[in-house]
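> See final-v5.cif below, with mmCIF, C-alpha atoms and all ligand atoms.
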```cif
data_query
#
loop_
_atom_site.label_atom_id
_atom_site.label_comp_id
_atom_site.auth_asym_id
_atom_site.auth_seq_id
_atom_site.Cartn_x
_atom_site.Cartn_y
_atom_site.Cartn_z
CA GLU A 97 87.71 -63.24 60.32
CA LYS A 98 85.21 -66.03 60.92
CA GLY A 99 84.40 -64.88 64.44
CA THR A 100 81.87 -67.25 65.97
CA TYR A 101 81.19 -69.02 62.68
CA PRO A 102 82.56 -72.52 62.04
CA HIS A 103 83.04 -71.70 58.35
CA TYR A 104 83.42 -68.66 56.14
CA MET A 105 80.69 -70.01 53.88
CA LEU A 106 78.10 -69.87 56.66
CA LYS A 107 79.24 -66.39 57.65
CA GLU A 108 79.02 -65.18 54.08
CA ILE A 109 75.54 -66.69 53.62
CA ASP A 110 74.45 -64.82 56.74
CA GLU A 111 75.92 -61.55 55.50
CA GLN A 112 73.61 -61.43 52.49
CA PRO A 113 70.83 -59.25 53.95
CA LEU A 114 73.43 -56.75 55.14
CA VAL A 115 75.22 -56.74 51.79
CA LEU A 116 71.94 -56.11 50.01
CA ARG A 117 71.18 -53.13 52.26
CA LYS A 118 74.68 -51.79 51.64
CA ILE A 119 74.23 -52.10 47.86
CA ILE A 120 70.95 -50.17 48.03
CA GLN A 121 72.74 -47.45 49.98
CA LYS A 122 75.79 -47.33 47.68
CA TYR A 123 73.62 -47.03 44.57
CA GLN A 124 71.39 -44.26 45.91
CA ASN A 125 71.85 -40.53 45.28
CA ASP A 126 71.19 -37.76 47.81
CA GLN A 127 67.49 -37.79 46.90
CA GLY A 128 67.26 -41.49 47.75
CA GLU A 129 66.85 -42.47 44.08
CA LEU A 130 68.82 -45.29 42.51
CA ALA A 131 71.71 -43.86 40.54
CA ILE A 132 74.56 -45.13 38.37
CA ASP A 133 77.45 -43.23 36.81
CA GLY A 134 76.23 -41.28 33.75
CA GLU A 135 78.97 -42.65 31.48
CA ILE A 136 77.82 -46.19 32.18
CA LEU A 137 74.21 -45.27 31.42
CA ASP A 138 75.32 -43.68 28.14
CA ALA A 139 77.15 -46.90 27.28
CA MET A 140 74.05 -48.95 28.16
CA ASN A 141 71.86 -46.65 26.10
CA SER A 142 74.04 -46.56 23.00
CA ALA A 143 74.41 -50.34 22.85
CA ASP A 144 72.20 -52.24 20.41
CA ARG A 145 73.06 -55.51 22.16
CA ILE A 146 74.73 -56.48 25.41
CA TYR A 147 77.09 -59.43 25.76
CA ILE A 148 77.49 -60.72 29.30
CA ILE A 149 80.69 -62.73 29.80
CA ALA A 150 81.32 -64.77 32.96
CA ALA A 151 82.17 -68.16 34.45
CA GLY A 152 80.62 -70.44 37.07
CA THR A 153 78.40 -68.76 39.63
CA SER A 154 78.93 -65.37 37.97
CA TYR A 155 77.61 -66.88 34.72
CA HIS A 156 74.50 -67.99 36.59
CA ALA A 157 74.02 -64.44 37.89
CA GLY A 158 74.44 -63.24 34.30
CA LEU A 159 71.55 -65.45 33.17
CA VAL A 160 69.30 -63.73 35.71
CA GLY A 161 70.72 -60.35 34.66
CA LYS A 162 69.76 -61.02 31.04
CA GLN A 163 66.12 -61.33 32.12
CA TYR A 164 66.33 -58.03 33.99
CA ILE A 165 68.01 -56.06 31.24
CA GLU A 166 65.72 -57.44 28.53
CA LYS A 167 62.46 -57.15 30.50
CA VAL A 168 63.09 -53.84 32.22
CA ALA A 169 65.55 -51.92 30.03
CA LYS A 170 64.45 -53.61 26.75
CA VAL A 171 67.95 -54.14 25.38
CA PRO A 172 68.71 -57.58 23.86
CA VAL A 173 71.28 -59.55 25.88
CA GLU A 174 73.35 -62.66 25.24
CA VAL A 175 75.12 -64.48 28.06
CA HIS A 176 78.31 -66.38 27.29
CA ILE A 177 80.64 -68.63 29.23
CA SER A 178 83.98 -66.86 29.02
CA SER A 179 86.10 -69.93 28.21
CA GLU A 180 83.94 -70.64 25.14
CA PHE A 181 83.66 -67.11 23.81
CA VAL A 182 87.19 -66.73 22.48
CA TYR A 183 86.82 -69.37 19.74
CA ASN A 184 83.02 -69.61 19.67
CA THR A 185 82.61 -65.87 19.14
CA PRO A 186 79.08 -65.11 17.94
CA LEU A 187 78.39 -62.71 15.10
CA LEU A 188 78.50 -59.40 16.96
CA SER A 189 75.98 -56.60 16.58
CA GLU A 190 77.00 -53.18 15.29
CA LYS A 191 77.20 -51.47 18.69
CA PRO A 192 77.89 -54.11 21.31
CA LEU A 193 78.54 -53.43 24.99
CA PHE A 194 80.37 -56.13 26.92
CA ILE A 195 79.60 -56.73 30.59
CA PHE A 196 82.09 -58.87 32.50
CA ILE A 197 80.79 -60.33 35.75
CA SER A 198 83.54 -61.57 38.06
CA GLN A 199 83.63 -61.70 41.84
CA SER A 200 87.44 -61.77 41.93
CA GLY A 201 88.05 -59.70 38.82
CA GLU A 202 90.96 -62.05 38.11
CA THR A 203 89.42 -64.99 36.22
CA ALA A 204 91.80 -65.72 33.34
CA ASP A 205 89.08 -67.05 31.02
CA SER A 206 87.13 -63.81 31.36
CA ARG A 207 90.25 -61.67 31.03
CA ALA A 208 91.13 -63.38 27.73
CA VAL A 209 87.78 -62.22 26.34
CA LEU A 210 88.27 -58.71 27.68
CA VAL A 211 91.66 -58.47 25.98
CA SER A 212 90.16 -59.47 22.63
CA VAL A 213 87.15 -57.16 23.09
CA LYS A 214 89.50 -54.23 23.71
CA GLU A 215 91.51 -55.18 20.61
CA MET A 216 88.28 -55.04 18.63
CA GLY A 217 87.65 -51.58 20.09
CA HIS A 218 84.37 -52.35 21.88
CA PRO A 219 83.35 -50.81 25.22
CA ALA A 220 83.46 -52.98 28.35
CA LEU A 221 81.98 -52.76 31.83
CA THR A 222 83.20 -54.98 34.67
CA ILE A 223 80.97 -55.84 37.61
CA THR A 224 83.28 -57.06 40.36
CA ASN A 225 83.72 -57.35 44.09
CA VAL A 226 87.37 -56.33 44.01
CA PRO A 227 88.23 -52.69 43.31
CA GLY A 228 91.45 -52.40 41.34
CA SER A 229 91.29 -56.02 40.13
CA THR A 230 92.62 -56.82 36.66
CA LEU A 231 89.20 -56.95 34.98
CA SER A 232 88.23 -53.70 36.64
CA ARG A 233 91.43 -51.90 35.61
CA GLU A 234 91.31 -53.09 32.03
CA ALA A 235 87.64 -52.33 31.33
CA ASP A 236 86.28 -48.87 30.48
CA TYR A 237 83.82 -48.89 33.38
CA THR A 238 83.38 -50.66 36.72
CA LEU A 239 80.47 -51.33 39.04
CA LEU A 240 81.32 -52.68 42.48
CA LEU A 241 79.44 -55.36 44.40
CA HIS A 242 80.25 -54.00 47.87
CA ALA A 243 79.93 -57.52 49.28
CA GLY A 244 83.12 -57.40 51.35
CA PRO A 245 85.82 -60.06 50.95
CA GLU A 246 84.47 -63.47 49.96
CA ILE A 247 86.80 -66.08 51.43
CA ALA A 248 84.93 -69.39 51.05
CA VAL A 249 85.64 -70.98 47.68
CA ALA A 250 81.91 -71.50 47.07
CA SER A 251 80.47 -68.16 46.07
CA THR A 252 77.34 -67.05 47.95
CA LYS A 253 77.08 -63.37 48.84
CA ALA A 254 78.79 -62.36 45.59
CA TYR A 255 76.02 -64.11 43.64
CA THR A 256 73.19 -62.24 45.36
CA ALA A 257 75.20 -59.00 45.11
CA GLN A 258 75.65 -59.56 41.37
CA VAL A 259 71.93 -60.20 40.89
CA ALA A 260 71.06 -57.08 42.90
CA VAL A 261 73.50 -54.83 41.02
CA LEU A 262 72.20 -56.16 37.68
CA ALA A 263 68.63 -55.39 38.77
CA ILE A 264 69.68 -51.85 39.68
CA LEU A 265 71.56 -51.43 36.40
CA ALA A 266 68.48 -52.59 34.44
CA GLU A 267 66.16 -50.29 36.36
CA VAL A 268 68.33 -47.19 36.16
CA THR A 269 68.89 -47.79 32.43
CA ALA A 270 65.13 -48.05 31.91
CA ILE A 271 64.55 -44.82 33.81
CA ALA A 272 67.25 -43.07 31.75
CA LYS A 273 65.37 -44.22 28.64
CA GLY A 274 62.26 -42.55 30.03
CA ARG A 275 60.38 -45.79 30.70
CA GLU A 276 57.74 -45.95 33.41
CA LEU A 277 58.28 -48.82 35.81
CA GLU A 278 55.54 -50.72 37.58
CA PHE A 279 57.44 -51.19 40.80
CA ASN A 280 59.71 -49.33 43.17
CA LEU A 281 62.96 -51.29 43.19
CA VAL A 282 64.34 -49.75 46.41
CA GLN A 283 61.19 -50.73 48.26
CA GLU A 284 61.12 -54.23 46.71
CA LEU A 285 64.81 -54.81 47.54
CA GLY A 286 64.04 -53.78 51.13
CA ILE A 287 61.37 -56.49 51.25
CA VAL A 288 63.93 -58.94 49.86
CA ALA A 289 66.46 -58.02 52.57
CA ASN A 290 63.87 -58.80 55.25
CA ALA A 291 62.99 -62.10 53.56
CA MET A 292 66.71 -62.99 53.42
CA GLU A 293 66.93 -62.42 57.16
CA THR A 294 63.99 -64.73 57.81
CA LEU A 295 65.68 -67.42 55.73
CA CYS A 296 69.03 -67.01 57.47
CA ASP A 297 67.16 -67.43 60.76
CA SER A 298 65.70 -70.76 59.54
CA LYS A 299 69.00 -72.67 59.42
CA GLU A 300 67.71 -75.59 61.49
CA THR A 301 64.91 -76.17 59.02
CA PHE A 302 67.38 -76.27 56.14
CA GLU A 303 69.70 -78.55 58.06
CA ASP A 304 66.75 -80.95 58.55
CA ILE A 305 65.79 -80.72 54.87
CA SER A 306 69.39 -81.39 53.89
CA ARG A 307 69.56 -84.40 56.19
CA SER A 308 66.32 -85.92 54.97
CA PHE A 309 66.93 -85.44 51.23
CA LEU A 310 70.69 -85.57 50.79
CA SER A 311 72.35 -87.59 53.54
CA THR A 312 72.79 -90.84 51.59
CA THR A 313 72.10 -89.97 47.98
CA ARG A 314 74.76 -90.13 45.28
CA ASN A 315 72.98 -87.67 43.00
CA ALA A 316 70.41 -84.87 43.02
CA PHE A 317 68.54 -82.92 40.37
CA PHE A 318 67.36 -79.33 40.48
CA ILE A 319 64.45 -78.24 38.32
CA GLY A 320 62.76 -74.93 37.67
CA ARG A 321 61.26 -72.99 34.82
CA SER A 322 62.06 -69.48 33.66
CA ILE A 323 64.16 -67.63 36.24
CA ASP A 324 63.87 -70.61 38.66
CA TYR A 325 65.78 -72.71 36.12
CA TYR A 326 68.78 -70.37 36.42
CA VAL A 327 68.66 -70.54 40.22
CA GLY A 328 68.50 -74.33 39.94
CA LEU A 329 71.74 -74.30 37.93
CA GLU A 330 73.37 -72.35 40.75
CA GLY A 331 71.90 -74.69 43.38
CA ALA A 332 73.35 -77.70 41.58
CA LEU A 333 76.79 -76.08 41.28
CA LYS A 334 76.79 -75.17 44.98
CA LEU A 335 75.80 -78.68 46.03
CA LYS A 336 78.29 -80.54 43.83
CA GLU A 337 81.29 -78.33 44.49
CA ILE A 338 81.21 -78.63 48.26
CA SER A 339 79.43 -81.95 49.01
CA TYR A 340 80.64 -83.90 45.94
CA ILE A 341 77.10 -85.18 45.40
CA GLN A 342 76.65 -85.39 41.64
CA ALA A 343 74.11 -82.65 40.95
CA GLU A 344 72.59 -81.14 37.83
CA GLY A 345 70.13 -78.35 37.15
CA PHE A 346 67.51 -78.62 34.41
CA ALA A 347 64.74 -76.63 32.86
CA GLY A 348 61.55 -78.26 34.19
CA GLY A 349 60.44 -79.47 30.79
CA GLU A 350 63.81 -80.91 29.81
CA LEU A 351 64.25 -83.72 32.32
CA LYS A 352 61.81 -85.99 30.50
CA HIS A 353 63.90 -85.69 27.33
CA GLY A 354 66.53 -88.03 28.69
CA THR A 355 67.66 -87.51 32.25
CA ILE A 356 64.44 -88.94 33.69
CA ALA A 357 66.10 -92.31 32.96
CA LEU A 358 68.30 -91.68 36.01
CA ILE A 359 65.39 -91.30 38.43
CA GLU A 360 65.23 -94.18 40.88
CA ASP A 361 63.39 -94.79 44.10
CA GLY A 362 64.29 -91.93 46.42
CA THR A 363 66.30 -89.79 43.98
CA PRO A 364 66.04 -86.25 45.34
CA ILE A 365 64.54 -83.65 43.02
CA ILE A 366 64.75 -80.10 44.29
CA ALA A 367 62.05 -78.11 42.52
CA LEU A 368 61.65 -74.33 42.65
CA ALA A 369 58.18 -72.83 42.21
CA THR A 370 58.36 -69.05 42.60
CA GLN A 371 56.88 -67.91 39.28
CA GLU A 372 53.16 -67.62 38.82
CA GLY A 373 53.18 -68.10 35.06
CA VAL A 374 54.88 -71.50 35.27
CA ASN A 375 53.60 -72.77 38.62
CA LEU A 376 51.25 -75.34 37.09
CA SER A 377 53.78 -76.63 34.59
CA ILE A 378 56.61 -77.05 37.10
CA ARG A 379 54.25 -78.93 39.38
CA GLY A 380 53.36 -81.15 36.42
CA ASN A 381 57.09 -81.88 36.03
CA VAL A 382 57.30 -82.78 39.72
CA LYS A 383 54.43 -85.28 39.24
CA GLU A 384 56.29 -86.87 36.32
CA VAL A 385 59.35 -87.60 38.44
CA VAL A 386 57.37 -88.60 41.53
CA ALA A 387 55.61 -91.22 39.37
CA ARG A 388 59.12 -92.70 38.81
CA GLY A 389 59.88 -92.80 42.53
CA ALA A 390 61.68 -89.45 43.01
CA ASN A 391 61.75 -87.81 46.42
CA PRO A 392 60.57 -84.24 45.75
CA CYS A 393 61.81 -81.27 47.77
CA ILE A 394 59.53 -78.44 46.66
CA ILE A 395 60.54 -74.89 47.49
CA SER A 396 57.71 -72.55 46.57
CA MET A 397 56.87 -68.92 47.16
CA LYS A 398 54.08 -67.72 49.39
CA GLY A 399 50.96 -67.23 47.32
CA LEU A 400 51.93 -70.07 44.95
CA ASP A 401 52.38 -72.74 47.62
CA GLN A 402 50.44 -75.98 47.79
CA ASP A 403 49.85 -78.58 50.49
CA GLY A 404 52.89 -80.75 50.98
CA ASP A 405 55.50 -78.22 49.80
CA THR A 406 58.77 -78.73 51.67
CA PHE A 407 59.44 -75.04 52.29
CA VAL A 408 57.53 -71.86 51.49
CA LEU A 409 59.62 -68.75 50.85
CA PRO A 410 58.42 -65.35 52.08
CA GLU A 411 56.78 -63.43 49.25
CA VAL A 412 58.92 -61.01 47.24
CA HIS A 413 58.49 -59.46 43.79
CA GLU A 414 58.74 -62.44 41.45
CA MET A 415 61.53 -60.93 39.37
CA LEU A 416 63.66 -60.69 42.51
CA SER A 417 62.95 -64.25 43.65
CA PRO A 418 66.50 -65.49 42.86
CA LEU A 419 67.76 -63.32 45.72
CA VAL A 420 65.72 -65.35 48.19
CA SER A 421 65.30 -68.78 46.54
CA VAL A 422 69.07 -69.26 46.31
CA ILE A 423 69.51 -69.03 50.10
CA PRO A 424 67.83 -72.36 50.95
CA LEU A 425 69.93 -73.96 48.19
CA GLN A 426 73.14 -72.47 49.65
CA LEU A 427 72.23 -73.64 53.15
CA ILE A 428 71.11 -77.12 52.05
CA SER A 429 74.43 -77.50 50.22
CA TYR A 430 76.37 -76.25 53.23
CA TYR A 431 74.75 -78.81 55.55
CA ALA A 432 75.09 -81.61 52.99
CA ALA A 433 78.85 -80.94 52.89
CA LEU A 434 79.04 -80.66 56.67
CA HIS A 435 77.18 -83.96 57.21
CA ARG A 436 79.59 -85.67 54.81
CA ASP A 437 82.63 -84.28 56.62
CA CYS A 438 83.75 -82.32 53.58
CA ASP A 439 86.06 -79.33 53.79
CA VAL A 440 83.32 -76.74 53.28
CA ASP A 441 85.46 -73.67 52.72
CA LYS A 442 88.16 -75.37 50.66
CA PRO A 443 86.65 -78.08 48.49
CA ARG A 444 89.10 -80.42 46.76
CA ASN A 445 90.52 -79.46 43.36
CA LEU A 446 89.17 -75.89 43.52
CA ALA A 447 90.77 -72.47 43.98
CA LYS A 448 89.07 -69.21 44.87
CA SER A 449 90.18 -67.45 41.77
CA VAL A 450 91.03 -69.33 38.63
CA THR A 451 93.93 -67.51 37.05
CA VAL A 452 94.75 -70.04 34.34
CA GLU A 453 92.82 -70.49 31.09
C1 LIG B 501 81.36 -71.28 42.43
C2 LIG B 501 82.48 -70.40 42.17
C3 LIG B 501 83.05 -70.34 40.78
C4 LIG B 501 83.25 -68.88 40.37
C5 LIG B 501 83.94 -68.79 39.00
C6 LIG B 501 84.06 -67.36 38.53
O1 LIG B 501 80.95 -71.21 43.76
O2 LIG B 501 82.95 -69.73 43.05
O3 LIG B 501 82.22 -70.99 39.87
O4 LIG B 501 82.00 -68.25 40.34
O5 LIG B 501 85.22 -69.37 39.09
O6 LIG B 501 84.81 -66.59 39.41
P1 LIG B 501 84.78 -65.03 39.35
O7 LIG B 501 83.39 -64.57 39.63
O8 LIG B 501 85.76 -64.58 40.40
O9 LIG B 501 85.19 -64.64 37.96
#
```
Could you show the structure in this file as structure tokens?
Ligand code: F6R


Amino acid sequence: EKGTYPHYMLKEIDEQPLVLRKIIQKYQNDQGELAIDGEILDAMNSADRIYIIAAGTSYHAGLVGKQYIEKVAKVPVEVHISSEFVYNTPLLSEKPLFIFISQSGETADSRAVLVSVKEMGHPALTITNVPGSTLSREADYTLLLHAGPEIAVASTKAYTAQVAVLAILAEVTAIAKGRELEFNLVQELGIVANAMETLCDSKETFEDISRSFLSTTRNAFFIGRSIDYYVGLEGALKLKEISYIQAEGFAGGELKHGTIALIEDGTPIIALATQEGVNLSIRGNVKEVVARGANPCIISMKGLDQDGDTFVLPEVHEMLSPLVSVIPLQLISYYAALHRDCDVDKPRNLAKSVTVE
């Protein structure tokens, strides 16, 4: 039930710190160490390549997950949109493991891939929010998101839950391989949960930002580099699906290869700057669009912030930044939809689970 909330989406955004704490708890053993079913770890460890299959927001979480699994567990990963995979099947490695990411566990496009993967005899793991869902039943292994029912059509808490579970999977796989890790994930996720709370308590700020950047615009562009690029894709999807503002996410360096032609006086550019290694280059990209009249909304992370940034996120481990940087984007989208009198929880033309191919 919505309780005191006007919309499920707002309630579900607010639940994110709690969901994260629950995930940490559910994936801990009696000694307080992160743990995952041994069979799943064996499957992760015997794979020579991982293929992540997903759609929409879950695909965006998969892009972040690829970074985790490659950087931490050192297994090569490809991420594919499920509706493309069936006929655009890449040349598979000798020992592939398929990971299906699906909040509902019912997405027909993803299920079609699972059916063909099982026909080929390859192992499959489903990461889902719904125990007993089709994709969970039909895969060899399941990891649950523990996010509680997600009712709003626009996915919010499932995204952060997916990113968190993928981080845990990467870390536990690395430990099983005997790799030393430079950080304590439980501790870092605890810091993230606190940061999420701070952000959820800053709703008025995000409502103001939404009003000043998005109240009259017909389009908006999200830019970021590295992991921020993937969060930008999710921010653009969130904004367009509920506010109907035409929105697109780009890698910071890519805008100037064409889309910069669309920048006019006042066009909002939402730029993420949470990664030290690309901070200077993303800020260079912001200057390029500002020179063409864009209205920049810069969301940076503490430690990398500069004068004039629109919002500074509390500092978290930079690999985990998607868990916090997505929250302002969710809230800005929510308020943009609200200010435009859109049906926030049930946007036009969309269904919560897409059970047709
Ligand atoms: C966006 C959204 C959709 C879903 C997509 C996949 O807010 O909700 O893009 O993420 O339809 O759904 P699942 O994860 O249930 O397979």

> Collect all residues with atoms no farther than 6 Å from ligand LIG 501 (chain B), counting only C-alpha atoms and all ligand atoms, and output them as a list in words.

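So, counting only C-alpha atoms and all ligand atoms, the residues near ligand LIG 501 (chain B) are Ala151, Gly152, Thr153, Ser154, Ser198, Gln199, Ser200, Gly201, Thr203, Val249, Ala250, Ser251, Lys334, Ser449 and Val450 of chain A.
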
> Quote the spacing between atom CA of A:Ser396 and atom CA of A:Ala367 in Å to one decimal place.

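Between these atoms lies a distance of 8.1 Å.
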
> A:Gln426, A:Arg436, A:Asp405, A:Pro245: which is nearest A:Tyr340, counting all atoms listed in the file?

A:Arg436

> Name the closest residue to A:Phe181 among the candidates A:Ala291, A:Ala208, A:Val226, A:Leu358; distances are taken between atoms, counting only C-alpha atoms.

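Of the candidates, the smallest distance to A:Phe181 is held by A:Ala208.
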
> Taking 5 positions as the minimum chain separation for residues in the same chain, which residues sit within 9 Å of stretch 267-280 of chain A when counting all atoms listed in the file? Answer as a count of residues only.

15

> Residues near A:Lys442, anyone? I mean within 12 Å using all atoms listed in the file, not counting same-chain ones fewer than 3 positions away, as a PyMOL selection string.

chain A and resi 103-105+247-251+337-339+433+438-439+445-448

> Mind completing stretch 170-189 of chain A with N, CA, C and O atoms? Output as a PDB file, in the coordinates of the input, please?


```pdb
ATOM      1  N   LYS A 170      64.799 -53.303  28.153  1.00  0.00           N
ATOM      2  CA  LYS A 170      64.450 -53.610  26.750  1.00  0.00           C
ATOM      3  C   LYS A 170      65.648 -53.546  25.797  1.00  0.00           C
ATOM      4  O   LYS A 170      65.539 -53.036  24.685  1.00  0.00           O
ATOM      5  N   VAL A 171      66.789 -54.004  26.263  1.00  0.00           N
ATOM      6  CA  VAL A 171      67.950 -54.140  25.380  1.00  0.00           C
ATOM      7  C   VAL A 171      68.226 -55.643  25.249  1.00  0.00           C
ATOM      8  O   VAL A 171      68.234 -56.345  26.263  1.00  0.00           O
ATOM      9  N   PRO A 172      68.422 -56.149  24.011  1.00  0.00           N
ATOM     10  CA  PRO A 172      68.710 -57.580  23.860  1.00  0.00           C
ATOM     11  C   PRO A 172      70.046 -57.960  24.515  1.00  0.00           C
ATOM     12  O   PRO A 172      71.014 -57.186  24.439  1.00  0.00           O
ATOM     13  N   VAL A 173      70.079 -59.113  25.148  1.00  0.00           N
ATOM     14  CA  VAL A 173      71.280 -59.550  25.880  1.00  0.00           C
ATOM     15  C   VAL A 173      71.608 -60.993  25.523  1.00  0.00           C
ATOM     16  O   VAL A 173      70.714 -61.836  25.421  1.00  0.00           O
ATOM     17  N   GLU A 174      72.884 -61.273  25.349  1.00  0.00           N
ATOM     18  CA  GLU A 174      73.350 -62.660  25.240  1.00  0.00           C
ATOM     19  C   GLU A 174      74.274 -62.913  26.421  1.00  0.00           C
ATOM     20  O   GLU A 174      75.027 -62.032  26.820  1.00  0.00           O
ATOM     21  N   VAL A 175      74.235 -64.131  26.950  1.00  0.00           N
ATOM     22  CA  VAL A 175      75.120 -64.480  28.060  1.00  0.00           C
ATOM     23  C   VAL A 175      76.050 -65.583  27.586  1.00  0.00           C
ATOM     24  O   VAL A 175      75.580 -66.585  27.037  1.00  0.00           O
ATOM     25  N   HIS A 176      77.332 -65.395  27.764  1.00  0.00           N
ATOM     26  CA  HIS A 176      78.310 -66.380  27.290  1.00  0.00           C
ATOM     27  C   HIS A 176      79.255 -66.821  28.394  1.00  0.00           C
ATOM     28  O   HIS A 176      79.687 -66.009  29.220  1.00  0.00           O
ATOM     29  N   ILE A 177      79.599 -68.093  28.356  1.00  0.00           N
ATOM     30  CA  ILE A 177      80.640 -68.630  29.230  1.00  0.00           C
ATOM     31  C   ILE A 177      81.976 -68.133  28.679  1.00  0.00           C
ATOM     32  O   ILE A 177      82.254 -68.291  27.481  1.00  0.00           O
ATOM     33  N   SER A 178      82.780 -67.525  29.538  1.00  0.00           N
ATOM     34  CA  SER A 178      83.980 -66.860  29.020  1.00  0.00           C
ATOM     35  C   SER A 178      84.935 -67.813  28.303  1.00  0.00           C
ATOM     36  O   SER A 178      85.492 -67.467  27.266  1.00  0.00           O
ATOM     37  N   SER A 179      85.107 -69.024  28.812  1.00  0.00           N
ATOM     38  CA  SER A 179      86.100 -69.930  28.210  1.00  0.00           C
ATOM     39  C   SER A 179      85.687 -70.378  26.808  1.00  0.00           C
ATOM     40  O   SER A 179      86.508 -70.855  26.035  1.00  0.00           O
ATOM     41  N   GLU A 180      84.415 -70.249  26.461  1.00  0.00           N
ATOM     42  CA  GLU A 180      83.940 -70.640  25.140  1.00  0.00           C
ATOM     43  C   GLU A 180      83.994 -69.484  24.143  1.00  0.00           C
ATOM     44  O   GLU A 180      84.084 -69.689  22.940  1.00  0.00           O
ATOM     45  N   PHE A 181      83.894 -68.267  24.676  1.00  0.00           N
ATOM     46  CA  PHE A 181      83.660 -67.110  23.810  1.00  0.00           C
ATOM     47  C   PHE A 181      84.800 -66.860  22.832  1.00  0.00           C
ATOM     48  O   PHE A 181      84.572 -66.488  21.688  1.00  0.00           O
ATOM     49  N   VAL A 182      86.034 -67.100  23.293  1.00  0.00           N
ATOM     50  CA  VAL A 182      87.190 -66.730  22.480  1.00  0.00           C
ATOM     51  C   VAL A 182      87.160 -67.411  21.113  1.00  0.00           C
ATOM     52  O   VAL A 182      87.385 -66.773  20.083  1.00  0.00           O
ATOM     53  N   TYR A 183      86.851 -68.711  21.066  1.00  0.00           N
ATOM     54  CA  TYR A 183      86.820 -69.370  19.740  1.00  0.00           C
ATOM     55  C   TYR A 183      85.415 -69.582  19.226  1.00  0.00           C
ATOM     56  O   TYR A 183      85.218 -69.812  18.047  1.00  0.00           O
ATOM     57  N   ASN A 184      84.411 -69.481  20.105  1.00  0.00           N
ATOM     58  CA  ASN A 184      83.020 -69.610  19.670  1.00  0.00           C
ATOM     59  C   ASN A 184      82.374 -68.231  19.621  1.00  0.00           C
ATOM     60  O   ASN A 184      81.240 -68.061  20.029  1.00  0.00           O
ATOM     61  N   THR A 185      83.115 -67.252  19.135  1.00  0.00           N
ATOM     62  CA  THR A 185      82.610 -65.870  19.140  1.00  0.00           C
ATOM     63  C   THR A 185      81.385 -65.755  18.233  1.00  0.00           C
ATOM     64  O   THR A 185      81.444 -66.115  17.060  1.00  0.00           O
ATOM     65  N   PRO A 186      80.267 -65.266  18.789  1.00  0.00           N
ATOM     66  CA  PRO A 186      79.080 -65.110  17.940  1.00  0.00           C
ATOM     67  C   PRO A 186      79.259 -63.929  16.991  1.00  0.00           C
ATOM     68  O   PRO A 186      80.158 -63.109  17.184  1.00  0.00           O
ATOM     69  N   LEU A 187      78.409 -63.858  15.990  1.00  0.00           N
ATOM     70  CA  LEU A 187      78.390 -62.710  15.100  1.00  0.00           C
ATOM     71  C   LEU A 187      77.957 -61.509  15.948  1.00  0.00           C
ATOM     72  O   LEU A 187      76.873 -61.525  16.533  1.00  0.00           O
ATOM     73  N   LEU A 188      78.814 -60.511  16.066  1.00  0.00           N
ATOM     74  CA  LEU A 188      78.500 -59.400  16.960  1.00  0.00           C
ATOM     75  C   LEU A 188      77.600 -58.356  16.286  1.00  0.00           C
ATOM     76  O   LEU A 188      77.640 -58.202  15.060  1.00  0.00           O
ATOM     77  N   SER A 189      76.836 -57.664  17.103  1.00  0.00           N
ATOM     78  CA  SER A 189      75.980 -56.600  16.580  1.00  0.00           C
ATOM     79  C   SER A 189      76.844 -55.388  16.230  1.00  0.00           C
ATOM     80  O   SER A 189      78.054 -55.378  16.470  1.00  0.00           O
TER      81      SER A 189
END
```
